[in-house]
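Student: My file is protein_29.cif. It has mmCIF, C-alpha atoms:
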```cif
data_coords
#
loop_
_atom_site.group_PDB
_atom_site.id
_atom_site.type_symbol
_atom_site.label_atom_id
_atom_site.label_comp_id
_atom_site.auth_asym_id
_atom_site.auth_seq_id
_atom_site.Cartn_x
_atom_site.Cartn_y
_atom_site.Cartn_z
ATOM 1 C CA MET A 6 38.731 -21.699 -30.671
ATOM 2 C CA GLU A 7 41.054 -18.723 -30.745
ATOM 3 C CA PRO A 8 44.630 -20.147 -30.802
ATOM 4 C CA ALA A 9 45.829 -18.363 -27.652
ATOM 5 C CA GLU A 10 42.827 -19.631 -25.651
ATOM 6 C CA ALA A 11 43.449 -23.144 -26.960
ATOM 7 C CA TYR A 12 47.049 -22.864 -25.812
ATOM 8 C CA TYR A 13 46.019 -21.721 -22.316
ATOM 9 C CA ARG A 14 43.786 -24.791 -22.055
ATOM 10 C CA SER A 15 46.590 -27.089 -23.224
ATOM 11 C CA VAL A 16 48.969 -25.950 -20.464
ATOM 12 C CA SER A 17 46.464 -25.792 -17.597
ATOM 13 C CA ALA A 18 46.207 -28.460 -14.929
ATOM 14 C CA LEU A 19 42.546 -27.549 -14.419
ATOM 15 C CA LEU A 20 40.252 -25.863 -16.907
ATOM 16 C CA PRO A 21 38.150 -22.833 -15.890
ATOM 17 C CA ASP A 22 34.916 -24.843 -15.672
ATOM 18 C CA GLU A 23 36.672 -27.425 -13.464
ATOM 19 C CA VAL A 24 37.931 -24.673 -11.159
ATOM 20 C CA ALA A 25 34.433 -23.167 -10.980
ATOM 21 C CA ARG A 26 32.984 -26.539 -9.887
ATOM 22 C CA LEU A 27 35.519 -26.772 -7.049
ATOM 23 C CA LEU A 28 34.859 -23.319 -5.574
ATOM 24 C CA ALA A 29 32.179 -22.685 -2.999
ATOM 25 C CA PRO A 30 29.450 -20.237 -4.070
ATOM 26 C CA ARG A 31 30.387 -18.057 -1.103
ATOM 27 C CA ALA A 32 34.083 -17.920 -2.089
ATOM 28 C CA GLY A 33 33.578 -14.337 -3.256
ATOM 29 C CA GLU A 34 34.701 -12.531 -6.375
ATOM 30 C CA ARG A 35 36.525 -14.820 -8.750
ATOM 31 C CA ARG A 36 39.359 -14.021 -11.099
ATOM 32 C CA HIS A 37 39.257 -16.055 -14.302
ATOM 33 C CA PRO A 38 42.023 -18.703 -14.187
ATOM 34 C CA PHE A 39 43.430 -17.498 -17.529
ATOM 35 C CA THR A 40 43.622 -13.806 -16.580
ATOM 36 C CA GLY A 41 47.367 -13.873 -15.916
ATOM 37 C CA LEU A 42 48.086 -15.732 -19.153
ATOM 38 C CA ARG A 43 45.855 -13.374 -21.136
ATOM 39 C CA GLU A 44 47.642 -10.345 -19.701
ATOM 40 C CA ALA A 45 51.066 -11.859 -20.482
ATOM 41 C CA TRP A 46 49.890 -12.788 -24.002
ATOM 42 C CA ALA A 47 48.810 -9.190 -24.642
ATOM 43 C CA ARG A 48 52.397 -8.084 -23.929
ATOM 44 C CA THR A 49 53.964 -10.509 -26.447
ATOM 45 C CA ARG A 50 55.227 -8.967 -29.666
ATOM 46 C CA GLY A 51 56.257 -11.934 -31.826
ATOM 47 C CA PRO A 52 55.532 -11.815 -35.565
ATOM 48 C CA ASP A 53 53.466 -15.015 -35.530
ATOM 49 C CA HIS A 54 51.520 -17.261 -33.168
ATOM 50 C CA THR A 55 54.411 -19.685 -32.530
ATOM 51 C CA SER A 56 56.800 -16.855 -31.671
ATOM 52 C CA ARG A 57 54.245 -15.383 -29.283
ATOM 53 C CA VAL A 58 53.733 -18.752 -27.563
ATOM 54 C CA LEU A 59 57.511 -19.115 -27.109
ATOM 55 C CA GLU A 60 57.671 -15.585 -25.692
ATOM 56 C CA LEU A 61 54.732 -16.325 -23.382
ATOM 57 C CA ASP A 62 56.488 -19.439 -22.060
ATOM 58 C CA LEU A 63 59.665 -17.424 -21.524
ATOM 59 C CA HIS A 64 57.783 -15.021 -19.233
ATOM 60 C CA THR A 65 55.392 -17.447 -17.487
ATOM 61 C CA TYR A 66 56.193 -21.179 -17.622
ATOM 62 C CA LEU A 67 59.980 -20.831 -17.379
ATOM 63 C CA PRO A 68 60.202 -18.575 -14.288
ATOM 64 C CA GLY A 69 56.954 -19.758 -12.693
ATOM 65 C CA ASP A 70 57.492 -23.504 -13.007
ATOM 66 C CA ILE A 71 60.717 -24.882 -14.492
ATOM 67 C CA LEU A 72 63.214 -22.518 -12.848
ATOM 68 C CA VAL A 73 61.381 -22.672 -9.510
ATOM 69 C CA LYS A 74 61.766 -26.471 -9.430
ATOM 70 C CA VAL A 75 65.433 -26.299 -10.458
ATOM 71 C CA ASP A 76 66.133 -23.628 -7.845
ATOM 72 C CA ARG A 77 64.442 -25.526 -5.016
ATOM 73 C CA CYS A 78 66.053 -28.855 -5.872
ATOM 74 C CA SER A 79 69.533 -27.356 -6.175
ATOM 75 C CA MET A 80 69.191 -25.405 -2.916
ATOM 76 C CA GLN A 81 67.906 -28.537 -1.160
ATOM 77 C CA SER A 82 71.183 -30.190 -2.155
ATOM 78 C CA SER A 83 73.307 -27.105 -1.314
ATOM 79 C CA LEU A 84 74.228 -26.655 -4.978
ATOM 80 C CA GLU A 85 74.783 -23.377 -6.803
ATOM 81 C CA LEU A 86 73.243 -24.010 -10.198
ATOM 82 C CA ARG A 87 73.589 -22.097 -13.461
ATOM 83 C CA SER A 88 71.471 -22.517 -16.601
ATOM 84 C CA PRO A 89 73.943 -21.821 -19.431
ATOM 85 C CA LEU A 90 71.280 -21.762 -22.131
ATOM 86 C CA LEU A 91 69.682 -18.791 -20.348
ATOM 87 C CA ASP A 92 72.732 -16.618 -20.946
ATOM 88 C CA PRO A 93 71.339 -13.320 -22.315
ATOM 89 C CA ARG A 94 73.510 -13.612 -25.440
ATOM 90 C CA ILE A 95 72.098 -17.051 -26.233
ATOM 91 C CA LEU A 96 68.531 -15.941 -25.507
ATOM 92 C CA SER A 97 68.933 -12.901 -27.723
ATOM 93 C CA PHE A 98 70.369 -15.013 -30.550
ATOM 94 C CA ALA A 99 67.592 -17.618 -30.243
ATOM 95 C CA ALA A 100 64.850 -14.994 -30.122
ATOM 96 C CA GLY A 101 66.120 -13.504 -33.373
ATOM 97 C CA LEU A 102 66.008 -16.758 -35.334
ATOM 98 C CA PRO A 103 63.214 -17.280 -37.871
ATOM 99 C CA THR A 104 60.315 -19.297 -36.481
ATOM 100 C CA ASP A 105 60.813 -22.176 -38.923
ATOM 101 C CA TRP A 106 64.364 -22.602 -37.589
ATOM 102 C CA LYS A 107 62.973 -23.109 -34.073
ATOM 103 C CA VAL A 108 60.027 -25.412 -34.701
ATOM 104 C CA ASP A 109 59.332 -27.869 -37.498
ATOM 105 C CA GLY A 110 55.864 -29.280 -36.974
ATOM 106 C CA ARG A 111 56.024 -31.020 -33.593
ATOM 107 C CA ARG A 112 59.824 -31.219 -33.637
ATOM 108 C CA GLY A 113 61.362 -28.410 -31.624
ATOM 109 C CA LYS A 114 64.858 -27.246 -30.689
ATOM 110 C CA LYS A 115 66.071 -27.668 -34.267
ATOM 111 C CA VAL A 116 69.098 -25.350 -34.036
ATOM 112 C CA LEU A 117 70.127 -26.653 -30.613
ATOM 113 C CA LYS A 118 69.937 -30.272 -31.791
ATOM 114 C CA ALA A 119 71.880 -29.481 -34.940
ATOM 115 C CA ALA A 120 74.580 -27.725 -32.889
ATOM 116 C CA PHE A 121 75.044 -30.676 -30.516
ATOM 117 C CA GLU A 122 74.601 -33.544 -32.975
ATOM 118 C CA PRO A 123 78.361 -33.958 -33.664
ATOM 119 C CA TRP A 124 78.954 -34.663 -29.966
ATOM 120 C CA LEU A 125 75.743 -36.356 -28.840
ATOM 121 C CA GLY A 126 74.612 -38.140 -32.013
ATOM 122 C CA ARG A 127 71.227 -38.171 -33.720
ATOM 123 C CA GLU A 128 70.001 -41.258 -31.830
ATOM 124 C CA LEU A 129 70.259 -39.527 -28.454
ATOM 125 C CA LEU A 130 68.862 -36.204 -29.703
ATOM 126 C CA GLU A 131 65.868 -37.734 -31.487
ATOM 127 C CA ARG A 132 64.725 -40.123 -28.774
ATOM 128 C CA PRO A 133 61.247 -39.573 -27.286
ATOM 129 C CA LYS A 134 60.862 -36.964 -24.576
ATOM 130 C CA ARG A 135 60.881 -38.329 -21.032
ATOM 131 C CA GLY A 136 59.179 -36.444 -18.248
ATOM 132 C CA PHE A 137 59.958 -36.094 -14.561
ATOM 133 C CA SER A 138 56.448 -36.362 -13.170
ATOM 134 C CA VAL A 139 55.788 -37.901 -9.775
ATOM 135 C CA PRO A 140 53.164 -40.661 -9.331
ATOM 136 C CA LEU A 141 50.712 -38.191 -7.820
ATOM 137 C CA ALA A 142 47.584 -40.128 -8.782
ATOM 138 C CA ALA A 143 48.848 -43.268 -7.038
ATOM 139 C CA TRP A 144 50.004 -41.337 -3.965
ATOM 140 C CA LEU A 145 46.570 -39.739 -3.553
ATOM 141 C CA ARG A 146 44.977 -43.201 -3.664
ATOM 142 C CA GLY A 147 47.601 -44.615 -1.299
ATOM 143 C CA PRO A 148 49.971 -42.945 1.176
ATOM 144 C CA LEU A 149 48.418 -39.462 0.825
ATOM 145 C CA ARG A 150 44.815 -40.627 0.922
ATOM 146 C CA ALA A 151 44.276 -39.899 4.630
ATOM 147 C CA ALA A 152 45.838 -36.434 4.315
ATOM 148 C CA ARG A 153 43.720 -35.789 1.208
ATOM 149 C CA ASP A 154 40.508 -36.740 3.029
ATOM 150 C CA GLU A 155 41.523 -34.640 6.042
ATOM 151 C CA ALA A 156 41.994 -31.651 3.701
ATOM 152 C CA ILE A 157 38.570 -32.184 2.129
ATOM 153 C CA ALA A 158 37.055 -32.132 5.626
ATOM 154 C CA GLY A 159 39.239 -29.182 6.693
ATOM 155 C CA ASP A 160 38.526 -25.543 7.427
ATOM 156 C CA PHE A 161 39.868 -24.171 4.149
ATOM 157 C CA ALA A 162 37.692 -26.467 2.055
ATOM 158 C CA ALA A 163 34.668 -25.616 4.198
ATOM 159 C CA ALA A 164 35.248 -21.894 3.689
ATOM 160 C CA PHE A 165 36.286 -21.671 0.045
ATOM 161 C CA LEU A 166 35.788 -24.991 -1.751
ATOM 162 C CA ASP A 167 32.914 -27.375 -2.330
ATOM 163 C CA PRO A 168 33.622 -30.373 -0.062
ATOM 164 C CA ALA A 169 30.800 -32.414 -1.616
ATOM 165 C CA GLU A 170 32.331 -31.974 -5.084
ATOM 166 C CA LEU A 171 35.775 -32.843 -3.716
ATOM 167 C CA ARG A 172 34.404 -36.001 -2.070
ATOM 168 C CA ARG A 173 32.727 -36.947 -5.350
ATOM 169 C CA GLN A 174 35.981 -36.445 -7.236
ATOM 170 C CA ALA A 175 37.944 -38.386 -4.620
ATOM 171 C CA ALA A 176 35.566 -41.353 -4.964
ATOM 172 C CA GLU A 177 35.858 -41.160 -8.744
ATOM 173 C CA HIS A 178 39.641 -41.042 -8.428
ATOM 174 C CA ASP A 179 39.796 -43.968 -5.989
ATOM 175 C CA ALA A 180 37.581 -46.103 -8.245
ATOM 176 C CA GLY A 181 39.895 -45.392 -11.193
ATOM 177 C CA ARG A 182 37.088 -43.862 -13.261
ATOM 178 C CA ARG A 183 38.977 -40.592 -13.763
ATOM 179 C CA ASP A 184 42.303 -39.119 -12.700
ATOM 180 C CA ARG A 185 41.412 -36.263 -10.350
ATOM 181 C CA ALA A 186 44.927 -35.873 -8.933
ATOM 182 C CA GLU A 187 45.355 -32.204 -9.905
ATOM 183 C CA ALA A 188 42.193 -31.037 -8.129
ATOM 184 C CA LEU A 189 42.785 -33.222 -5.070
ATOM 185 C CA TRP A 190 46.431 -32.169 -4.812
ATOM 186 C CA ALA A 191 45.373 -28.502 -5.019
ATOM 187 C CA ALA A 192 42.888 -29.017 -2.184
ATOM 188 C CA LEU A 193 45.551 -30.742 -0.080
ATOM 189 C CA MET A 194 48.140 -27.996 -0.698
ATOM 190 C CA LEU A 195 45.643 -25.209 0.041
ATOM 191 C CA ASP A 196 44.728 -26.950 3.287
ATOM 192 C CA ARG A 197 48.396 -27.299 4.308
ATOM 193 C CA TRP A 198 49.099 -23.689 3.357
ATOM 194 C CA ASN A 199 46.141 -22.528 5.454
ATOM 195 C CA ARG A 200 47.258 -24.545 8.466
ATOM 196 C CA ARG A 201 50.662 -22.879 8.385
ATOM 197 C CA TRP A 202 50.084 -19.396 6.992
ATOM 198 C CA GLY A 203 46.360 -18.861 6.502
ATOM 199 C CA ARG A 204 43.676 -16.996 8.342
ATOM 200 C CA VAL A 205 40.877 -19.540 8.163
ATOM 201 C CA ALA A 206 40.238 -20.899 11.674
#
```
Turn the structure described in the file into structure tokens.

Tutor:
Amino acid sequence: MEPAEAYYRSVSALLPDEVARLLAPRAGERRHPFTGLREAWARTRGPDHTSRVLELDLHTYLPGDILVKVDRCSMQSSLELRSPLLDPRILSFAAGLPTDWKVDGRRGKKVLKAAFEPWLGRELLERPKRGFSVPLAAWLRGPLRAARDEAIAGDFAAAFLDPAELRRQAAEHDAGRRDRAEALWAALMLDRWNRRWGRVA
């Protein structure tokens, strides 16, 4: 597989064929789920694949995911937050570093770790990465199950999604045969969005 396409698949919650199965045939003209990433990739100018992936993340994942979460959480707590590592001088310096200074196999942030090692110590800097994910799969089997099922039976799903496929995936999820949290969460959020802002009756 072409490396950029493989990367798009690695960062996607749902793959294009999974999205296609969830959409109703009458949903109308469909934009390929990777179109935005492909367009952003075409604008990258790095000298190698790794540099282009880092540039792609800088223009997609960072502002569209990470910074959105930070902004919402800080505003929820009435905090004014700054991201010092996003200072333009630091970004410019980091972008100009050779690729092998940034990534060494699967070990990233080499220069940053080296800079902070005297203060933080190697043990802290080399520990395994720990995520901040919520227990979405369990919630959709438990406290959000009724809301999930209501969304599957809702107007938005009837108009644009395939309720039978969603019910099948919900049963599979509930039985523990496969984690379908991403698709079910998307259906729930689309339903809630439609109830508040949408035009589907």

Student: Taking the file as shown, find all residues satisfying the PyMOL selection byres ((chain A and resi 107) around 12) and write them as an MDAnalysis selection string.

Tutor: chainID A and resid 55:56 59 98:106 108:119

Student: Can you pull out the residues contacting A:Glu170? Cut-off 9 Å, using all atoms listed in the file, and skip same-chain residues under 5 positions away; I want them as an NGL selection string.

Tutor: :A and (26-27 or 175)

Student: Might you pull out every residue within 8 Å of A:Glu60, with all atoms listed in the file counted and same-chain residues fewer than 4 positions away left off, and present them as a PDB file with C-alpha atoms, keeping the file's coordinate frame?

Tutor:
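Written output follows (around.pdb):
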```pdb
ATOM      1  CA  THR A  49      53.964 -10.509 -26.447  1.00  0.00           C
ATOM      2  CA  GLY A  51      56.257 -11.934 -31.826  1.00  0.00           C
ATOM      3  CA  SER A  56      56.800 -16.855 -31.671  1.00  0.00           C
ATOM      4  CA  HIS A  64      57.783 -15.021 -19.233  1.00  0.00           C
TER       5      HIS A  64
END
```

Student: Could you list, as JSON, numbers by chain, every residue within 10 Å of A:Arg185, counting all atoms listed in the file and ignoring same-chain residues fewer than 2 positions away?

Tutor: {"A": [19, 141, 142, 145, 171, 174, 175, 176, 177, 178, 179, 181, 182, 183, 187, 188, 189, 190]}

Student: Put the listed atoms of stretch 169-180 of chain A in a box along x, y and z with 4 Å added on every side and give me the centre and edge lengths in Å to one decimal, as lines of an AutoDock Vina configuration file.

Tutor:
```
center_x = 35.3
center_y = -39.0
center_z = -5.2
size_x = 17.0
size_y = 22.1
size_z = 15.1
```

Student: Find the residues around stretch 21-25 of chain A up to 12 Å (all atoms listed in the file counted), leave out those fewer than 4 positions away in its own chain, and share them as an NGL selection string.

Tutor: :A and (10 or 13-15 or 17 or 29-40 or 165-167 or 170-171 or 174 or 185 or 187-189 or 191-192)

Student: Give me, please, the distance in Å between atom CA of A:Ala162 and atom CA of A:Val16, quoted to one decimal.

Tutor: 25.2 Å

Student: Would you list the contacts of A:Glu155 as a list in words, taking every protein, DNA or RNA residue within 10 Å and counting all atoms listed in the file, but skipping same-chain residues closer than 6 positions in sequence?

Tutor: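 My list of contacting residues is Leu149, Ala162, Leu193 and Asp196 of chain A.
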
Student: From the list A:Val58, A:Leu125, A:Leu195, A:Ala9, which residue is nearest A:Ala163 when using all atoms listed in the file?

Tutor: A:Leu195

Student: Rounded to one decimal, what separation in Å do you get between atom CA of A:Asp184 and atom CA of A:Ala156?

Tutor: 18.0 Å

Student: What does the distance between atom CA of A:Leu20 and atom CA of A:Tyr66 come to in Å, to one decimal place?

Tutor: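 Calculated distance between atom CA of A:Leu20 and atom CA of A:Tyr66 is 16.6 Å.
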
Student: Could you tell me which of A:Met194, A:Ala18, A:Leu42, A:Ala186 comes closest to A:Phe161 if we count only C-alpha atoms?

Tutor: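 Closest to A:Phe161, using only C-alpha atoms: A:Met194.
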
Student: Please determine, counting all atoms listed in the file, which residue among A:Arg94, A:Arg48, A:Arg132, A:Arg204 has the shortest atom-to-atom distance to A:Asp160.

Tutor: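 Counting all atoms listed in the file, the residue closest to A:Asp160 is A:Arg204.
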